[in-house]
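Visitor: You'll find structure_8.txt just under this line, and it carries compact mmCIF, C-alpha atoms.
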```
# COMPACT_ATOMS: atom_id res chain seq x y z
CA PRO A 8 -14.15 -20.51 -10.74
CA THR A 9 -12.93 -20.47 -14.31
CA HIS A 10 -12.87 -16.69 -14.51
CA SER A 11 -11.55 -15.99 -11.02
CA LYS A 12 -8.22 -14.63 -12.35
CA ASP A 13 -10.06 -12.37 -14.77
CA TYR A 14 -12.26 -11.06 -11.98
CA ALA A 15 -9.24 -10.45 -9.77
CA LEU A 16 -7.53 -8.51 -12.56
CA MET A 17 -10.68 -6.47 -13.18
CA ASP A 18 -10.92 -5.70 -9.46
CA LEU A 19 -7.28 -4.61 -9.35
CA ASN A 20 -7.74 -2.33 -12.34
CA VAL A 21 -10.86 -0.78 -10.79
CA ILE A 22 -8.86 -0.05 -7.62
CA ARG A 23 -6.05 1.51 -9.63
CA MET A 24 -8.48 3.59 -11.67
CA THR A 25 -10.16 4.76 -8.47
CA ARG A 26 -6.82 5.89 -7.06
CA LEU A 27 -6.00 7.69 -10.31
CA LEU A 28 -9.35 9.47 -10.22
CA GLN A 29 -8.68 10.44 -6.61
CA GLN A 30 -5.33 11.88 -7.71
CA ILE A 31 -7.02 13.89 -10.47
CA LEU A 32 -9.68 15.19 -8.07
CA GLU A 33 -7.05 16.12 -5.48
CA ALA A 34 -4.98 17.87 -8.15
CA SER A 35 -8.07 19.78 -9.31
CA LYS A 36 -8.87 20.82 -5.74
CA SER A 37 -5.29 21.90 -5.24
CA GLN A 38 -5.35 24.09 -8.34
CA SER A 39 -8.60 25.73 -7.25
CA GLY A 40 -7.47 26.20 -3.64
CA GLN A 41 -10.13 23.83 -2.27
CA LEU A 42 -7.76 21.44 -0.49
CA LYS A 43 -7.98 21.99 3.26
CA LEU A 44 -5.67 20.87 6.04
CA LYS A 45 -6.91 19.22 9.24
CA VAL A 46 -4.21 17.99 11.62
CA THR A 47 -4.74 15.54 14.48
CA GLN A 48 -2.41 14.42 17.27
CA GLY A 49 -0.74 11.04 17.61
CA ASP A 50 2.39 9.01 16.95
CA VAL A 51 3.58 10.51 13.67
CA ILE A 52 6.41 8.06 13.06
CA GLU A 53 4.25 5.00 13.76
CA PHE A 54 1.64 6.28 11.29
CA ILE A 55 4.29 6.71 8.59
CA ARG A 56 5.67 3.23 9.35
CA GLN A 57 2.23 1.62 9.09
CA THR A 58 1.53 3.43 5.83
CA ALA A 59 4.84 2.25 4.37
CA PHE A 60 4.25 -1.37 5.35
CA CYS A 61 0.93 -1.31 3.49
CA ILE A 62 2.91 -0.65 0.29
CA GLU A 63 5.37 -3.48 0.96
CA PRO A 64 3.49 -5.98 -1.29
CA LEU A 65 3.99 -3.61 -4.23
CA MET A 66 7.75 -3.66 -3.63
CA HIS A 67 7.89 -7.45 -3.39
CA LYS A 68 5.79 -7.76 -6.54
CA LYS A 69 8.38 -5.70 -8.40
CA GLY A 70 11.28 -7.70 -6.97
CA LEU A 71 12.54 -4.84 -4.80
CA ALA A 72 14.14 -5.12 -1.37
CA PHE A 73 12.23 -2.61 0.77
CA THR A 74 13.56 -1.33 4.08
CA VAL A 75 12.07 1.09 6.60
CA HIS A 76 14.28 2.78 9.18
CA CYS A 77 12.82 5.10 11.83
CA GLU A 78 14.87 7.00 14.38
CA PRO A 79 13.43 7.58 16.89
CA GLU A 80 10.93 4.73 16.84
CA SER A 81 8.13 6.94 18.11
CA MET A 82 7.28 10.66 18.19
CA MET A 83 4.06 12.42 19.10
CA GLY A 84 3.00 15.27 16.88
CA TRP A 85 0.32 16.79 14.65
CA ILE A 86 -0.25 15.80 11.00
CA ASP A 87 -3.05 15.56 8.48
CA THR A 88 -3.13 11.79 7.97
CA ASP A 89 -5.10 12.04 4.72
CA LYS A 90 -2.37 14.20 3.18
CA VAL A 91 0.57 12.30 4.68
CA ASP A 92 -0.57 8.87 3.49
CA LYS A 93 -0.88 10.25 -0.06
CA ILE A 94 2.60 11.78 0.20
CA ILE A 95 4.09 8.47 1.38
CA TYR A 96 2.20 6.43 -1.22
CA ASN A 97 3.26 8.69 -4.09
CA LEU A 98 6.91 8.81 -3.04
CA LEU A 99 7.17 5.05 -2.62
CA SER A 100 5.23 4.14 -5.76
CA ASN A 101 7.39 6.61 -7.70
CA ALA A 102 10.53 4.96 -6.29
CA ALA A 103 9.18 1.54 -7.27
CA LYS A 104 8.71 2.74 -10.86
CA TYR A 105 12.27 3.99 -11.25
CA ALA A 106 14.24 1.47 -9.18
CA ARG A 107 16.22 -1.08 -11.15
CA THR A 108 15.30 -4.72 -10.59
CA PRO A 109 16.48 -6.50 -8.66
CA GLY A 110 16.92 -3.38 -6.62
CA THR A 111 16.24 -1.49 -3.43
CA VAL A 112 13.93 1.14 -2.05
CA GLN A 113 14.58 2.64 1.38
CA LEU A 114 12.36 4.80 3.56
CA LYS A 115 14.19 6.63 6.32
CA VAL A 116 12.31 8.71 8.89
CA THR A 117 14.14 11.01 11.30
CA MET A 118 13.48 14.15 13.32
CA SER A 119 14.97 17.62 13.09
CA LYS A 120 17.43 18.71 15.78
CA ASP A 121 14.69 20.51 17.72
CA PHE A 122 12.19 17.62 17.20
CA ASP A 123 9.74 20.04 15.59
CA GLN A 124 9.86 18.53 12.08
CA VAL A 125 9.69 15.01 10.69
CA ILE A 126 12.11 14.28 7.84
CA ILE A 127 11.09 11.61 5.34
CA LYS A 128 13.67 10.31 2.84
CA VAL A 129 12.82 7.84 0.07
CA THR A 130 15.79 6.45 -1.87
CA ASP A 131 15.77 4.08 -4.84
CA ASN A 132 18.61 2.57 -6.85
CA GLY A 133 17.42 4.05 -10.14
CA VAL A 134 19.84 5.16 -12.85
CA GLY A 135 19.49 8.76 -11.77
CA ILE A 136 17.55 11.72 -13.12
CA PRO A 137 19.38 14.06 -15.52
CA ALA A 138 20.12 17.40 -13.83
CA ASP A 139 18.24 19.36 -16.50
CA ARG A 140 15.07 17.37 -15.80
CA ILE A 141 14.94 17.67 -12.01
CA LYS A 142 13.52 21.20 -12.17
CA ASP A 143 10.52 19.87 -14.14
CA LEU A 144 9.84 16.82 -11.96
CA PHE A 145 7.10 18.53 -9.95
CA SER A 146 5.36 20.08 -12.96
CA ARG A 147 1.84 18.82 -13.47
CA TYR A 148 1.47 16.38 -16.39
CA TYR A 149 5.23 16.46 -17.10
CA ASP A 150 6.11 13.17 -18.78
CA GLY A 151 9.60 13.77 -20.15
CA ASP A 152 11.24 11.39 -17.69
CA HIS A 153 8.52 8.84 -18.25
CA ARG A 154 9.30 8.64 -21.95
CA TRP A 155 13.03 8.62 -21.20
CA LYS A 156 12.66 5.68 -18.79
CA LYS A 157 9.80 4.08 -20.74
CA VAL A 158 7.73 4.07 -17.55
CA HIS A 159 3.94 4.29 -17.67
CA ALA A 160 2.86 7.29 -15.60
CA THR A 161 0.49 10.24 -15.65
CA GLY A 162 2.71 13.10 -14.53
CA LEU A 163 0.33 13.75 -11.62
CA GLY A 164 1.93 11.98 -8.66
CA LEU A 165 4.93 14.17 -7.93
CA ALA A 166 3.09 17.40 -8.73
CA LEU A 167 0.30 16.48 -6.33
CA THR A 168 2.86 15.34 -3.76
CA ARG A 169 4.53 18.76 -3.93
CA ASP A 170 1.15 20.49 -3.53
CA LEU A 171 0.28 18.33 -0.50
CA VAL A 172 3.68 18.96 1.09
CA PHE A 173 3.36 22.73 0.62
CA LEU A 174 -0.21 22.63 1.95
CA HIS A 175 1.24 20.91 5.02
CA ASN A 176 3.69 23.83 5.43
CA GLY A 177 6.55 21.54 4.44
CA ASP A 178 9.34 21.28 1.88
CA ILE A 179 10.27 18.70 -0.76
CA ASP A 180 13.60 18.18 -2.50
CA CYS A 181 15.16 15.72 -4.95
CA GLN A 182 18.80 14.68 -5.21
CA SER A 183 20.02 12.30 -7.88
CA ILE A 184 23.36 10.56 -8.43
CA LYS A 185 23.93 9.36 -11.97
CA ASP A 186 23.86 5.57 -12.34
CA GLN A 187 23.34 5.17 -8.58
CA SER A 188 20.26 6.56 -6.88
CA ASN A 189 17.42 9.04 -6.50
CA THR A 190 16.48 10.50 -3.12
CA PHE A 191 13.33 12.49 -2.37
CA THR A 192 13.29 14.33 0.95
CA VAL A 193 10.11 15.69 2.54
CA THR A 194 10.17 17.81 5.69
CA LEU A 195 6.91 18.39 7.60
CA PRO A 196 6.31 20.45 10.76
CA ILE A 197 4.57 18.48 13.52
CA ARG A 198 3.94 21.07 16.25
CA LYS A 199 0.40 22.21 16.93
CA GLU A 200 1.49 25.85 16.80
CA ASP A 201 2.68 25.38 13.21
CA TYR A 202 -0.94 25.33 12.09
CA ALA A 203 -3.82 27.79 12.17
CA PRO A 204 -6.59 27.13 14.75
CA GLU A 205 -9.05 26.15 12.03
CA GLN A 206 -6.57 23.52 10.76
CA VAL A 207 -6.40 21.74 14.12
CA ASP A 208 -8.85 18.99 15.14
CA GLU A 209 -8.70 18.65 18.94
CA GLU A 210 -11.43 16.00 19.12
CA LYS A 211 -9.74 13.28 17.05
CA THR A 212 -6.43 11.45 17.25
CA ILE A 213 -4.34 9.82 14.52
CA ASP A 214 -6.09 6.64 13.35
CA MET A 215 -3.50 3.89 12.90
CA ALA A 216 -5.99 1.77 10.96
CA LYS A 217 -6.35 4.43 8.26
CA PRO A 218 -3.45 3.24 6.03
CA GLN A 219 -4.95 -0.25 5.73
CA HIS A 220 -8.16 1.28 4.41
CA THR A 221 -6.67 3.84 2.05
CA ILE A 222 -3.44 2.35 0.65
CA ILE A 223 -4.28 -0.42 -1.78
CA ASP A 224 -2.32 -1.94 -4.66
```
Could you express the structure from this file as structure tokens?
Guide:
Amino acid sequence: PTHSKDYALMDLNVIRMTRLLQQILEASKSQSGQLKLKVTQGDVIEFIRQTAFCIEPLMHKKGLAFTVHCEPESMMGWIDTDKVDKIIYNLLSNAAKYARTPGTVQLKVTMSKDFDQVIIKVTDNGVGIPADRIKDLFSRYYDGDHRWKKVHATGLGLALTRDLVFLHNGDIDCQSIKDQSNTFTVTLPIRKEDYAPEQVDEEKTIDMAKPQHTIID
């Protein structure tokens, strides 16, 4: 059809607007304490891998070489898949914004020494974040770096990511090397005993099809 490209563009923008609205709603819930955690059991590393691969088209579209490295290849544990897929999406889409093109984005997933935490590292080959701006990165609606890099963004993604990580009893950190790279590291506990009884869903398991339904670009 003559207008097929226009319809496709409209559809893409609707999807992006929907995700932005979801981010705003999640941020609002986080501020009001309404976000709840519900962890289920399954292969944590495989879920993260599947979520990352769903974002691969975004990387190719931006001319970025995207690699995923998981060691070990598999690990059973407990996570809230709704929160983790948002964490992964936000970290990778943020890396795609700041990576130089042609460039690279790497996702590396490892385990802690006692295998009780999953460690997620996302590295891009961006020009680096000035040291005096790192402390503000996770502030809601902060757009200083966006103006500096001339990148279109809302200032919601990293703030919401931090909130979701903390809700998941985890930690998030950023390290930047000038003119070389940015690395965001998220650490999440995966043992059942790390969560309160009301946060644990015994009846369900991790749904590996979930990323395909929730991560769209």
Visitor: How many Å separate CA of Ile127 (chain A) from CA of Thr47 (chain A)?
Guide: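 Computing it gives 18.7 Å between the two atoms.
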Visitor: Might you pull out every residue within 10 Å of Thr130 (chain A), with all atoms listed in the file counted and same-chain residues fewer than 6 positions away left off, and present them as a PyMOL selection string?
Guide: chain A and resi 98-99+102-103+106+111-115+181-183+188-192
Visitor: Only C-alpha atoms, please: the residues just picked out, written as an mmCIF file, in the coordinates of the input.
Guide:
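Result file result.cif:
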```cif
data_model
loop_
_atom_site.group_PDB
_atom_site.id
_atom_site.type_symbol
_atom_site.label_atom_id
_atom_site.label_comp_id
_atom_site.auth_asym_id
_atom_site.auth_seq_id
_atom_site.Cartn_x
_atom_site.Cartn_y
_atom_site.Cartn_z
ATOM 1 C CA LEU A 98 6.910 8.810 -3.040
ATOM 2 C CA LEU A 99 7.170 5.050 -2.620
ATOM 3 C CA ALA A 102 10.530 4.960 -6.290
ATOM 4 C CA ALA A 103 9.180 1.540 -7.270
ATOM 5 C CA ALA A 106 14.240 1.470 -9.180
ATOM 6 C CA THR A 111 16.240 -1.490 -3.430
ATOM 7 C CA VAL A 112 13.930 1.140 -2.050
ATOM 8 C CA GLN A 113 14.580 2.640 1.380
ATOM 9 C CA LEU A 114 12.360 4.800 3.560
ATOM 10 C CA LYS A 115 14.190 6.630 6.320
ATOM 11 C CA CYS A 181 15.160 15.720 -4.950
ATOM 12 C CA GLN A 182 18.800 14.680 -5.210
ATOM 13 C CA SER A 183 20.020 12.300 -7.880
ATOM 14 C CA SER A 188 20.260 6.560 -6.880
ATOM 15 C CA ASN A 189 17.420 9.040 -6.500
ATOM 16 C CA THR A 190 16.480 10.500 -3.120
ATOM 17 C CA PHE A 191 13.330 12.490 -2.370
ATOM 18 C CA THR A 192 13.290 14.330 0.950
#
```
Visitor: Padding of 3 Å on every side, edges along x, y and z, all listed atoms of region 188-191 of chain A included: what centre and edge lengths in Å, to one decimal, does that box have, as AutoDock Vina command-line options?
Guide:
```
--center_x 16.8 --center_y 9.5 --center_z -4.6 --size_x 12.9 --size_y 11.9 --size_z 10.5
```
Visitor: For region 201-213 of chain A, list every protein, DNA or RNA residue within 12 Å, evaluated using all atoms listed in the file, and leave out those in the same chain fewer than 4 positions away; present the list as a VMD selection string.
Guide: chain A and resid 42 to 55 57 83 to 89 91 to 92 123 to 124 174 to 177 195 to 197 217 to 218
Visitor: Using all atoms listed in the file, which residue out of A:Leu71, A:Cys61, A:Ala138, A:Val116 lies closest to Ala216 (chain A)?
Guide: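 Ranking A:Leu71, A:Cys61, A:Ala138, A:Val116 by distance to Ala216 (chain A), first place goes to A:Cys61.
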Visitor: Counting all atoms listed in the file, which residues have an atom no more than 9 Å from (13.6, -3.3, -0.9) in the file's coordinates? Please list them as a compact mmCIF listing (two decimals) with C-alpha atoms, keeping the file's coordinate frame.
Guide:
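The result, written out as selection11.txt:
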```
# COMPACT_ATOMS: atom_id res chain seq x y z
CA GLU A 63 5.37 -3.48 0.96
CA MET A 66 7.75 -3.66 -3.63
CA HIS A 67 7.89 -7.45 -3.39
CA GLY A 70 11.28 -7.70 -6.97
CA LEU A 71 12.54 -4.84 -4.80
CA ALA A 72 14.14 -5.12 -1.37
CA PHE A 73 12.23 -2.61 0.77
CA THR A 74 13.56 -1.33 4.08
CA VAL A 75 12.07 1.09 6.60
CA PRO A 109 16.48 -6.50 -8.66
CA GLY A 110 16.92 -3.38 -6.62
CA THR A 111 16.24 -1.49 -3.43
CA VAL A 112 13.93 1.14 -2.05
CA GLN A 113 14.58 2.64 1.38
CA ASP A 131 15.77 4.08 -4.84
```
Visitor: Could you tell me how far CA of Met118 (chain A) sits from CA of Glu78 (chain A), in Å to one decimal place?
Guide: 7.4 Å
Visitor: At a cut-off of 9 Å, using all atoms listed in the file, what residues contact Asn101 (chain A)? Leave out same-chain residues fewer than 5 positions from it and give the result as a PyMOL selection string.
Guide: chain A and resi 96+106+164-165
Visitor: For the atom pair CA of Asp139 (chain A) and CA of Arg169 (chain A), what is the interatomic distance in Å to one decimal place?
Guide: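 It comes out at 18.6 Å.
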